file work.pdb (PDB, C-alpha atoms, pLDDT in the B column)
MODEL        1
ATOM      1  CA  MET A  18      69.579 122.109 106.279  1.00 87.00           C
ATOM      2  CA  SER A  19      69.840 120.901 109.873  1.00 94.00           C
ATOM      3  CA  VAL A  20      71.021 117.335 110.328  1.00 97.00           C
ATOM      4  CA  ARG A  21      72.314 115.123 113.140  1.00 98.00           C
ATOM      5  CA  LEU A  22      75.771 113.709 112.489  1.00 98.00           C
ATOM      6  CA  ARG A  23      77.231 110.693 114.253  1.00 98.00           C
ATOM      7  CA  TYR A  24      80.832 109.554 114.221  1.00 98.00           C
ATOM      8  CA  PHE A  25      82.282 106.159 115.093  1.00 98.00           C
ATOM      9  CA  ALA A  26      85.674 104.555 115.813  1.00 98.00           C
ATOM     10  CA  TRP A  27      88.654 106.665 114.645  1.00 97.00           C
ATOM     11  CA  VAL A  28      86.412 109.188 112.896  1.00 98.00           C
ATOM     12  CA  ARG A  29      84.803 109.868 116.311  1.00 98.00           C
ATOM     13  CA  GLU A  30      88.185 110.078 118.018  1.00 98.00           C
ATOM     14  CA  ARG A  31      89.572 112.527 115.461  1.00 98.00           C
ATOM     15  CA  VAL A  32      86.496 114.773 115.437  1.00 98.00           C
ATOM     16  CA  GLY A  33      86.510 114.614 119.242  1.00 98.00           C
ATOM     17  CA  LYS A  34      82.800 114.010 119.750  1.00 98.00           C
ATOM     18  CA  PRO A  35      80.340 111.190 119.071  1.00 98.00           C
ATOM     19  CA  GLU A  36      77.595 113.326 117.561  1.00 98.00           C
ATOM     20  CA  GLU A  37      76.402 116.840 116.829  1.00 98.00           C
ATOM     21  CA  VAL A  38      73.691 118.711 114.980  1.00 98.00           C
ATOM     22  CA  VAL A  39      74.988 120.894 112.155  1.00 97.00           C
ATOM     23  CA  GLU A  40      73.460 123.385 109.773  1.00 96.00           C
ATOM     24  CA  ALA A  41      74.792 122.374 106.362  1.00 94.00           C
ATOM     25  CA  PRO A  42      75.079 125.355 104.016  1.00 94.00           C
ATOM     26  CA  PRO A  43      72.818 125.489 100.968  1.00 92.00           C
ATOM     27  CA  GLY A  44      74.384 123.819  97.960  1.00 93.00           C
ATOM     28  CA  ILE A  45      75.634 120.784  99.898  1.00 96.00           C
ATOM     29  CA  GLN A  46      73.697 118.004  98.221  1.00 97.00           C
ATOM     30  CA  THR A  47      75.658 114.775  98.587  1.00 97.00           C
ATOM     31  CA  VAL A  48      77.509 112.827 101.246  1.00 98.00           C
ATOM     32  CA  ALA A  49      80.811 113.599  99.479  1.00 98.00           C
ATOM     33  CA  GLU A  50      80.053 117.332  99.508  1.00 98.00           C
ATOM     34  CA  LEU A  51      79.103 117.151 103.166  1.00 98.00           C
ATOM     35  CA  MET A  52      82.435 115.466 103.985  1.00 98.00           C
ATOM     36  CA  ALA A  53      84.342 118.144 102.049  1.00 97.00           C
ATOM     37  CA  TRP A  54      82.484 120.858 103.948  1.00 98.00           C
ATOM     38  CA  LEU A  55      83.094 119.140 107.294  1.00 98.00           C
ATOM     39  CA  ALA A  56      86.819 118.910 106.491  1.00 97.00           C
ATOM     40  CA  SER A  57      86.896 122.714 106.255  1.00 97.00           C
ATOM     41  CA  ARG A  58      85.485 123.225 109.756  1.00 97.00           C
ATOM     42  CA  GLY A  59      88.768 122.981 111.669  1.00 97.00           C
ATOM     43  CA  GLU A  60      91.898 120.967 112.280  1.00 97.00           C
ATOM     44  CA  GLU A  61      90.170 118.026 113.938  1.00 98.00           C
ATOM     45  CA  TYR A  62      87.680 117.736 111.064  1.00 98.00           C
ATOM     46  CA  ALA A  63      90.417 118.113 108.464  1.00 98.00           C
ATOM     47  CA  HIS A  64      92.239 115.225 110.138  1.00 98.00           C
ATOM     48  CA  ALA A  65      89.116 113.057 110.405  1.00 98.00           C
ATOM     49  CA  PHE A  66      88.149 113.595 106.765  1.00 98.00           C
ATOM     50  CA  GLU A  67      91.611 113.784 105.190  1.00 96.00           C
ATOM     51  CA  SER A  68      90.975 110.537 103.253  1.00 95.00           C
ATOM     52  CA  PRO A  69      87.249 110.719 102.443  1.00 96.00           C
ATOM     53  CA  HIS A  70      87.418 107.742 100.081  1.00 95.00           C
ATOM     54  CA  VAL A  71      88.066 105.374 103.002  1.00 95.00           C
ATOM     55  CA  ILE A  72      85.202 106.733 105.122  1.00 97.00           C
ATOM     56  CA  ARG A  73      81.838 104.976 104.926  1.00 97.00           C
ATOM     57  CA  ALA A  74      78.517 106.702 105.461  1.00 98.00           C
ATOM     58  CA  ALA A  75      74.995 105.771 106.474  1.00 98.00           C
ATOM     59  CA  ILE A  76      71.815 107.806 106.199  1.00 98.00           C
ATOM     60  CA  ASP A  77      69.084 106.935 108.677  1.00 98.00           C
ATOM     61  CA  HIS A  78      70.732 103.584 109.518  1.00 97.00           C
ATOM     62  CA  ARG A  79      71.325 102.474 105.927  1.00 97.00           C
ATOM     63  CA  HIS A  80      74.655 102.287 104.106  1.00 97.00           C
ATOM     64  CA  VAL A  81      74.955 104.841 101.311  1.00 97.00           C
ATOM     65  CA  ARG A  82      77.593 105.728  98.748  1.00 96.00           C
ATOM     66  CA  ALA A  83      79.433 109.036  98.664  1.00 97.00           C
ATOM     67  CA  ASP A  84      77.238 110.303  95.821  1.00 97.00           C
ATOM     68  CA  ALA A  85      74.001 109.730  97.780  1.00 97.00           C
ATOM     69  CA  ALA A  86      71.736 112.763  98.212  1.00 97.00           C
ATOM     70  CA  ILE A  87      71.451 114.047 101.778  1.00 97.00           C
ATOM     71  CA  GLU A  88      68.134 115.827 101.293  1.00 95.00           C
ATOM     72  CA  GLY A  89      65.608 114.684 103.871  1.00 95.00           C
ATOM     73  CA  ALA A  90      68.186 112.854 105.995  1.00 97.00           C
ATOM     74  CA  GLY A  91      67.517 112.802 109.726  1.00 96.00           C
ATOM     75  CA  GLU A  92      70.819 111.273 110.806  1.00 98.00           C
ATOM     76  CA  ILE A  93      74.032 110.849 108.843  1.00 98.00           C
ATOM     77  CA  ALA A  94      76.833 108.691 110.236  1.00 98.00           C
ATOM     78  CA  PHE A  95      80.492 108.561 109.224  1.00 98.00           C
ATOM     79  CA  PHE A  96      82.785 105.675 110.106  1.00 98.00           C
ATOM     80  CA  PRO A  97      85.751 103.591 108.927  1.00 97.00           C
ATOM     81  CA  PRO A  98      85.275 100.283 107.093  1.00 96.00           C
ATOM     82  CA  MET A  99      83.629  97.848 109.491  1.00 96.00           C
ATOM     83  CA  THR A 100      85.530  95.165 111.393  1.00 95.00           C
ATOM     84  CA  GLY A 101      82.871  93.252 113.304  1.00 93.00           C
ATOM     85  CA  GLY A 102      82.095  89.564 113.339  1.00 89.00           C
TER
ATOM     86  CA  MET B  13      61.160  81.453 110.179  1.00 87.00           C
ATOM     87  CA  LYS B  14      62.016  82.149 113.788  1.00 88.00           C
ATOM     88  CA  ALA B  15      64.610  84.939 113.724  1.00 95.00           C
ATOM     89  CA  THR B  16      66.447  86.441 116.678  1.00 97.00           C
ATOM     90  CA  VAL B  17      68.993  89.261 116.588  1.00 98.00           C
ATOM     91  CA  LEU B  18      70.627  90.366 119.834  1.00 98.00           C
ATOM     92  CA  LEU B  19      73.369  92.847 120.616  1.00 98.00           C
ATOM     93  CA  GLN B  20      74.685  92.573 124.135  1.00 98.00           C
ATOM     94  CA  ARG B  21      77.677  93.095 126.422  1.00 98.00           C
ATOM     95  CA  GLU B  22      77.107  89.802 128.222  1.00 98.00           C
ATOM     96  CA  PRO B  23      78.428  86.405 127.103  1.00 98.00           C
ATOM     97  CA  PHE B  24      76.028  84.045 125.326  1.00 98.00           C
ATOM     98  CA  ASP B  25      75.341  80.330 125.558  1.00 98.00           C
ATOM     99  CA  ALA B  26      75.485  78.724 122.103  1.00 98.00           C
ATOM    100  CA  ALA B  27      73.882  75.458 123.246  1.00 98.00           C
ATOM    101  CA  ALA B  28      70.972  77.301 124.854  1.00 98.00           C
ATOM    102  CA  GLU B  29      70.404  79.273 121.640  1.00 98.00           C
ATOM    103  CA  VAL B  30      70.315  76.059 119.580  1.00 98.00           C
ATOM    104  CA  ALA B  31      67.826  74.562 122.046  1.00 97.00           C
ATOM    105  CA  LYS B  32      65.569  77.619 121.681  1.00 96.00           C
ATOM    106  CA  LEU B  33      65.464  77.100 117.902  1.00 96.00           C
ATOM    107  CA  THR B  34      64.807  73.369 117.968  1.00 96.00           C
ATOM    108  CA  ARG B  35      62.517  73.060 121.005  1.00 95.00           C
ATOM    109  CA  ASP B  36      59.071  71.538 120.389  1.00 93.00           C
ATOM    110  CA  ARG B  37      59.564  70.860 116.685  1.00 94.00           C
ATOM    111  CA  ASN B  38      60.740  67.958 114.545  1.00 94.00           C
ATOM    112  CA  ASP B  39      61.066  69.463 111.072  1.00 96.00           C
ATOM    113  CA  ILE B  40      64.626  70.704 111.605  1.00 97.00           C
ATOM    114  CA  GLY B  41      67.219  68.312 110.222  1.00 97.00           C
ATOM    115  CA  ALA B  42      70.305  70.506 110.418  1.00 98.00           C
ATOM    116  CA  VAL B  43      71.643  73.180 112.733  1.00 98.00           C
ATOM    117  CA  VAL B  44      74.882  75.027 112.032  1.00 98.00           C
ATOM    118  CA  THR B  45      76.468  77.164 114.717  1.00 98.00           C
ATOM    119  CA  PHE B  46      79.387  79.485 114.174  1.00 98.00           C
ATOM    120  CA  THR B  47      81.124  81.131 117.137  1.00 98.00           C
ATOM    121  CA  GLY B  48      83.735  83.835 116.638  1.00 97.00           C
ATOM    122  CA  ILE B  49      86.234  83.917 119.515  1.00 97.00           C
ATOM    123  CA  CYS B  50      88.773  86.521 120.614  1.00 97.00           C
ATOM    124  CA  ARG B  51      92.287  85.221 119.839  1.00 95.00           C
ATOM    125  CA  ALA B  52      95.234  85.797 122.174  1.00 96.00           C
ATOM    126  CA  LEU B  53      97.521  86.735 119.273  1.00 93.00           C
ATOM    127  CA  GLU B  54      96.986  89.427 116.652  1.00 87.00           C
ATOM    128  CA  ASP B  55      99.636  89.546 113.908  1.00 83.00           C
ATOM    129  CA  GLY B  56     101.785  87.253 116.049  1.00 89.00           C
ATOM    130  CA  GLU B  57     101.747  89.562 119.078  1.00 90.00           C
ATOM    131  CA  PRO B  58      99.881  88.935 122.342  1.00 95.00           C
ATOM    132  CA  ILE B  59      96.862  91.154 122.965  1.00 96.00           C
ATOM    133  CA  ALA B  60      95.240  92.155 126.255  1.00 96.00           C
ATOM    134  CA  ALA B  61      91.714  92.614 124.902  1.00 97.00           C
ATOM    135  CA  LEU B  62      89.476  93.725 122.073  1.00 97.00           C
ATOM    136  CA  THR B  63      86.962  96.504 122.483  1.00 97.00           C
ATOM    137  CA  LEU B  64      84.031  96.469 120.091  1.00 98.00           C
ATOM    138  CA  GLU B  65      82.255  99.700 119.305  1.00 98.00           C
ATOM    139  CA  HIS B  66      78.942  99.583 117.468  1.00 98.00           C
ATOM    140  CA  TYR B  67      76.283 101.870 116.044  1.00 98.00           C
ATOM    141  CA  PRO B  68      73.189 101.207 118.164  1.00 97.00           C
ATOM    142  CA  GLY B  69      70.029 101.153 116.085  1.00 96.00           C
ATOM    143  CA  MET B  70      71.800 100.641 112.779  1.00 98.00           C
ATOM    144  CA  ALA B  71      73.635  97.494 113.896  1.00 98.00           C
ATOM    145  CA  GLU B  72      70.357  95.761 114.794  1.00 97.00           C
ATOM    146  CA  ALA B  73      68.656  97.009 111.609  1.00 97.00           C
ATOM    147  CA  GLU B  74      71.531  95.962 109.352  1.00 96.00           C
ATOM    148  CA  ILE B  75      71.802  92.471 110.846  1.00 97.00           C
ATOM    149  CA  GLU B  76      68.019  92.032 110.715  1.00 97.00           C
ATOM    150  CA  ARG B  77      68.008  92.989 107.016  1.00 96.00           C
ATOM    151  CA  HIS B  78      70.604  90.292 106.328  1.00 96.00           C
ATOM    152  CA  VAL B  79      68.731  87.679 108.356  1.00 97.00           C
ATOM    153  CA  VAL B  80      65.627  88.479 106.293  1.00 96.00           C
ATOM    154  CA  GLU B  81      67.681  88.200 103.099  1.00 96.00           C
ATOM    155  CA  ALA B  82      69.095  84.844 104.225  1.00 97.00           C
ATOM    156  CA  GLY B  83      65.512  83.662 104.788  1.00 96.00           C
ATOM    157  CA  GLU B  84      64.602  84.727 101.251  1.00 96.00           C
ATOM    158  CA  ARG B  85      67.608  83.021  99.671  1.00 96.00           C
ATOM    159  CA  TRP B  86      67.456  79.737 101.572  1.00 96.00           C
ATOM    160  CA  ALA B  87      64.666  77.662 103.106  1.00 96.00           C
ATOM    161  CA  LEU B  88      65.630  78.413 106.683  1.00 97.00           C
ATOM    162  CA  LEU B  89      63.532  77.284 109.623  1.00 97.00           C
ATOM    163  CA  GLY B  90      65.326  79.509 112.109  1.00 97.00           C
ATOM    164  CA  ALA B  91      68.237  81.907 112.511  1.00 98.00           C
ATOM    165  CA  THR B  92      69.865  83.528 115.532  1.00 98.00           C
ATOM    166  CA  VAL B  93      72.596  86.151 115.505  1.00 98.00           C
ATOM    167  CA  ILE B  94      74.147  87.456 118.726  1.00 98.00           C
ATOM    168  CA  HIS B  95      76.929  90.028 118.553  1.00 98.00           C
ATOM    169  CA  ARG B  96      78.685  91.254 121.671  1.00 98.00           C
ATOM    170  CA  TYR B  97      80.125  94.720 122.165  1.00 98.00           C
ATOM    171  CA  GLY B  98      82.347  96.301 124.802  1.00 98.00           C
ATOM    172  CA  ARG B  99      85.624  94.873 126.138  1.00 97.00           C
ATOM    173  CA  ILE B 100      86.319  91.216 125.356  1.00 98.00           C
ATOM    174  CA  VAL B 101      89.407  89.327 126.508  1.00 97.00           C
ATOM    175  CA  PRO B 102      91.140  86.450 124.674  1.00 98.00           C
ATOM    176  CA  GLY B 103      89.199  83.207 124.900  1.00 98.00           C
ATOM    177  CA  GLU B 104      85.831  84.938 125.178  1.00 98.00           C
ATOM    178  CA  ASP B 105      83.159  84.628 122.501  1.00 98.00           C
ATOM    179  CA  ILE B 106      82.422  87.630 120.247  1.00 98.00           C
ATOM    180  CA  VAL B 107      79.711  86.550 117.843  1.00 98.00           C
ATOM    181  CA  LEU B 108      77.258  83.692 117.357  1.00 98.00           C
ATOM    182  CA  VAL B 109      75.389  82.677 114.222  1.00 98.00           C
ATOM    183  CA  VAL B 110      72.939  79.773 114.354  1.00 98.00           C
ATOM    184  CA  THR B 111      71.001  78.606 111.306  1.00 98.00           C
ATOM    185  CA  ALA B 112      68.420  75.817 111.245  1.00 98.00           C
ATOM    186  CA  SER B 113      67.021  74.077 108.212  1.00 98.00           C
ATOM    187  CA  SER B 114      65.684  70.755 106.958  1.00 97.00           C
ATOM    188  CA  HIS B 115      68.991  69.946 105.276  1.00 96.00           C
ATOM    189  CA  ARG B 116      72.618  70.762 105.957  1.00 97.00           C
ATOM    190  CA  GLU B 117      73.510  72.514 102.663  1.00 97.00           C
ATOM    191  CA  THR B 118      71.063  75.293 103.392  1.00 97.00           C
ATOM    192  CA  ALA B 119      72.140  75.734 107.002  1.00 98.00           C
ATOM    193  CA  PHE B 120      75.853  75.830 106.107  1.00 98.00           C
ATOM    194  CA  ALA B 121      75.374  78.292 103.239  1.00 97.00           C
ATOM    195  CA  ALA B 122      73.150  80.652 105.210  1.00 98.00           C
ATOM    196  CA  ALA B 123      75.528  80.692 108.187  1.00 98.00           C
ATOM    197  CA  GLU B 124      78.468  81.506 105.931  1.00 97.00           C
ATOM    198  CA  PHE B 125      76.487  84.228 104.161  1.00 97.00           C
ATOM    199  CA  LEU B 126      75.509  85.819 107.475  1.00 97.00           C
ATOM    200  CA  MET B 127      79.081  85.758 108.815  1.00 96.00           C
ATOM    201  CA  ASP B 128      80.554  87.210 105.610  1.00 94.00           C
ATOM    202  CA  TYR B 129      78.048  90.069 105.784  1.00 93.00           C
ATOM    203  CA  LEU B 130      78.568  90.662 109.498  1.00 93.00           C
ATOM    204  CA  LYS B 131      82.275  91.145 108.830  1.00 92.00           C
ATOM    205  CA  THR B 132      81.845  93.810 106.183  1.00 91.00           C
ATOM    206  CA  ARG B 133      78.403  95.425 106.582  1.00 94.00           C
ATOM    207  CA  ALA B 134      77.418  95.326 110.253  1.00 96.00           C
ATOM    208  CA  PRO B 135      78.503  98.601 111.899  1.00 98.00           C
ATOM    209  CA  PHE B 136      81.010  97.274 114.441  1.00 98.00           C
ATOM    210  CA  TRP B 137      84.628  98.325 114.902  1.00 98.00           C
ATOM    211  CA  LYS B 138      87.317  96.425 116.775  1.00 97.00           C
ATOM    212  CA  GLN B 139      90.010  98.155 118.767  1.00 97.00           C
ATOM    213  CA  VAL B 140      92.898  96.056 120.006  1.00 96.00           C
ATOM    214  CA  GLU B 141      94.806  96.604 123.285  1.00 95.00           C
ATOM    215  CA  LYS B 142      98.402  95.556 122.839  1.00 92.00           C
ATOM    216  CA  ALA B 143     101.285  96.416 125.220  1.00 84.00           C
ATOM    217  CA  GLY B 144      99.382  99.347 126.689  1.00 84.00           C
ATOM    218  CA  ASN B 145      98.422 100.808 123.286  1.00 92.00           C
ATOM    219  CA  LYS B 146      94.982 100.852 121.706  1.00 94.00           C
ATOM    220  CA  THR B 147      94.730 100.700 117.931  1.00 95.00           C
ATOM    221  CA  TRP B 148      91.827 100.228 115.517  1.00 96.00           C
ATOM    222  CA  ILE B 149      91.924  97.052 113.478  1.00 93.00           C
ATOM    223  CA  ASN B 150      91.926  97.635 109.716  1.00 91.00           C
ATOM    224  CA  ALA B 151      89.350  96.001 107.486  1.00 88.00           C
ATOM    225  CA  LYS B 152      90.713  92.982 105.605  1.00 85.00           C
ATOM    226  CA  PRO B 153      90.435  92.788 101.787  1.00 81.00           C
ATOM    227  CA  THR B 154      89.833  89.033 102.157  1.00 83.00           C
ATOM    228  CA  ASP B 155      86.660  89.774 104.162  1.00 82.00           C
ATOM    229  CA  ASN B 156      85.374  92.047 101.390  1.00 82.00           C
ATOM    230  CA  ALA B 157      86.089  89.374  98.802  1.00 82.00           C
ATOM    231  CA  ALA B 158      84.228  86.813 100.927  1.00 81.00           C
ATOM    232  CA  ALA B 159      81.146  89.059 101.131  1.00 81.00           C
ATOM    233  CA  GLU B 160      81.229  89.959  97.430  1.00 83.00           C
ATOM    234  CA  ARG B 161      80.848  86.373  96.276  1.00 84.00           C
ATOM    235  CA  TRP B 162      77.267  86.430  97.601  1.00 81.00           C
ATOM    236  CA  MET B 163      76.329  89.495  95.560  1.00 79.00           C
ATOM    237  CA  ALA B 164      74.491  89.353  92.274  1.00 67.00           C
ATOM    238  CA  PRO B 165      76.427  91.082  89.435  1.00 58.00           C
ATOM    239  CA  ARG B 166      74.052  94.060  89.518  1.00 54.00           C
ATOM    240  CA  LYS B 167      74.469  94.513  93.262  1.00 57.00           C
ATOM    241  CA  ARG B 168      78.215  94.054  93.058  1.00 56.00           C
ATOM    242  CA  GLN B 169      78.424  96.947  90.609  1.00 51.00           C
ATOM    243  CA  ALA B 170      76.318  99.149  92.876  1.00 53.00           C
ATOM    244  CA  ALA B 171      78.599  98.497  95.850  1.00 54.00           C
ATOM    245  CA  GLU B 172      81.765  99.537  94.025  1.00 48.00           C
TER
ENDMDL
END
call {"tool": "encode", "arguments": {"input": "work.pdb", "output": "structure tokens"}}
result
Amino acid sequence: MSVRLRYFAWVRERVGKPEEVVEAPPGIQTVAELMAWLASRGEEYAHAFESPHVIRAAIDHRHVRADAAIEGAGEIAFFPPMTGG
Amino acid sequence: MKATVLLQREPFDAAAEVAKLTRDRNDIGAVVTFTGICRALEDGEPIAALTLEHYPGMAEAEIERHVVEAGERWALLGATVIHRYGRIVPGEDIVLVVTASSHRETAFAAAEFLMDYLKTRAPFWKQVEKAGNKTWINAKPTDNAAAERWMAPRKRQAAE
């Protein structure tokens, strides 16, 4: 499945790019599985996703939990806990 | 309810935003404004600036969803949220929340609700410049606790 990924704050810095389109292998069904797969794509990804439990995710501009299904997602974003306001 | 959500680099004028909400009407009895300002000290050390990164598209959508929710929970007559992004130096404003209602309880509660949610759910990240170094600010557990008190038990469970 082809999906646009976006990265923010230190996740973006560690991955080294703000966004990309990836082809997730079949069998990757959840956000957690996608993060585990991303972590296997190279040193920078391993560093970015070394503590997946602290990383938050959004699918199509809505917060989701790590067990959320990615099927049908147009854009998936990964970022640290938010510090706005 | 008149609702306005703006994300911008430029400074804002809190008084002008209040005037926009109250102009030409006499049913509003209470306006609460909250302004978040960039402090000169972070953990006791002087800072040069904050840089706010945000997720364009989602930030607007997320704030708008919470403004709508505030309007469902309280009898608001107006709400304005302005959040700045980019580089902000100490003394400059970062965020503005204005709530208008017939009575003060509603306006206070809705403003506090909106700020607590902005802190923990709006996709913004602060980076601090201190002595030539840039570091990301960590989320504060106290901010999460502040946001959780507005959640219904069912929702609280879902967020864990």
call {"tool": "closest_atom_pairs", "arguments": {"input": "work.pdb", "of": "chain A", "to": "chain B", "cutoff": "12 Å", "atoms": "all atoms listed in the file", "output": "CSV"}}
result
residue,atom,partner,partner_atom,distance
A:Arg23,CA,B:Tyr67,CA,9.1
A:Tyr24,CA,B:Tyr67,CA,9.1
A:Phe25,CA,B:Tyr67,CA,7.4
A:Ala26,CA,B:Trp137,CA,6.4
A:Trp27,CA,B:Trp148,CA,7.2
A:Val28,CA,B:Trp148,CA,10.8
A:Arg29,CA,B:Glu65,CA,10.9
A:Glu30,CA,B:Trp148,CA,10.8
A:Pro35,CA,B:Tyr67,CA,10.6
A:Glu36,CA,B:Tyr67,CA,11.6
A:His70,CA,B:Glu172,CA,11.7
A:Val71,CA,B:Ala151,CA,10.5
A:Ile72,CA,B:Ala151,CA,11.7
A:Arg73,CA,B:Pro135,CA,10.0
A:Ala74,CA,B:Pro135,CA,10.3
A:Ala75,CA,B:Met70,CA,8.7
A:Ile76,CA,B:Met70,CA,9.7
A:Asp77,CA,B:Met70,CA,8.0
A:His78,CA,B:Met70,CA,4.5
A:Arg79,CA,B:Met70,CA,7.1
A:His80,CA,B:Arg133,CA,8.2
A:Val81,CA,B:Ala171,CA,9.1
A:Arg82,CA,B:Ala171,CA,7.9
A:Ala83,CA,B:Glu172,CA,10.8
A:Asp84,CA,B:Ala170,CA,11.6
A:Ala85,CA,B:Ala170,CA,11.9
A:Glu92,CA,B:Met70,CA,10.9
A:Ile93,CA,B:Met70,CA,11.2
A:Ala94,CA,B:Tyr67,CA,9.0
A:Phe95,CA,B:Tyr67,CA,10.4
A:Phe96,CA,B:Pro135,CA,8.5
A:Pro97,CA,B:Trp137,CA,8.0
A:Pro98,CA,B:Ala151,CA,5.9
A:Met99,CA,B:Thr132,CA,5.5
A:Thr100,CA,B:Trp137,CA,4.8
A:Gly101,CA,B:Phe136,CA,4.6
A:Gly102,CA,B:Lys131,CA,4.8
call {"tool": "residues_around", "arguments": {"input": "work.pdb", "residues": "Phe125 in chain B", "least_positions_apart": "5", "cutoff": "9 Å", "atoms": "all atoms listed in the file", "output": "list in words"}}
result
His78, Ala82, Phe120, Leu130, Ala158, Ala159 and Trp162 of chain B
call {"tool": "resolve_selection", "arguments": {"input": "work.pdb", "expression": "the PyMOL selection byres ((chain B and resi 42) around 6)", "output": "ChimeraX atom specification"}}
result
/B:40-41,43,112-116
call {"tool": "closest_residue", "arguments": {"input": "work.pdb", "among": "B:Leu19, B:Ala27, B:Ala87, B:Val93", "to": "Ala121 in chain B", "atoms": "all atoms listed in the file"}}
result
B:Ala87
call {"tool": "closest_residue", "arguments": {"input": "work.pdb", "among": "B:Gly98, B:Val17, B:Met163, B:Glu57", "to": "Arg85 in chain B", "atoms": "only C-alpha atoms"}}
result
B:Met163
call {"tool": "atom_distance", "arguments": {"input": "work.pdb", "atom1": "CA of Glu50 in chain A", "atom2": "CA of Ser19 in chain A"}}
result
15.0 Å
call {"tool": "atom_distance", "arguments": {"input": "work.pdb", "atom1": "CA of Thr16 in chain B", "atom2": "CA of Val101 in chain B"}}
result
25.1 Å
call {"tool": "atom_distance", "arguments": {"input": "work.pdb", "atom1": "CA of Pro69 in chain A", "atom2": "CA of Glu76 in chain B"}}
result
28.1 Å
call {"tool": "axis_aligned_box", "arguments": {"input": "work.pdb", "around": "range 60-79 of chain A", "padding_each_side": "4 Å", "output": "AutoDock Vina command-line options"}}
result
--center_x 80.7 --center_y 111.7 --center_z 107.0 --size_x 31.2 --size_y 26.5 --size_z 21.9
call {"tool": "resolve_selection", "arguments": {"input": "work.pdb", "expression": "the PyMOL selection byres ((chain A and resi 54-62) around 9)", "output": "VMD selection string"}}
result
chain A and resid 28 31 to 33 41 to 42 45 49 to 53 63 to 67
call {"tool": "resolve_selection", "arguments": {"input": "work.pdb", "expression": "the PyMOL selection byres ((chain B and resi 51) around 7)", "output": "count of residues only"}}
result
6
call {"tool": "closest_residue", "arguments": {"input": "work.pdb", "among": "B:Glu160, B:Ala122, B:Thr45, B:Glu104", "to": "Leu62 in chain B", "atoms": "all atoms listed in the file"}}
result
B:Glu104
call {"tool": "closest_residue", "arguments": {"input": "work.pdb", "among": "A:Gln46, A:Leu22, A:Ala90, A:Ser68", "to": "Lys34 in chain A", "atoms": "all atoms listed in the file"}}
result
A:Leu22
call {"tool": "closest_residue", "arguments": {"input": "work.pdb", "among": "B:Trp86, B:Ala91, B:Val79, B:Pro58", "to": "Lys32 in chain B", "atoms": "only C-alpha atoms"}}
result
B:Ala91
call {"tool": "closest_residue", "arguments": {"input": "work.pdb", "among": "B:Asn38, B:Glu81, B:Val30, B:Ala61", "to": "Ile100 in chain B", "atoms": "all atoms listed in the file"}}
result
B:Ala61
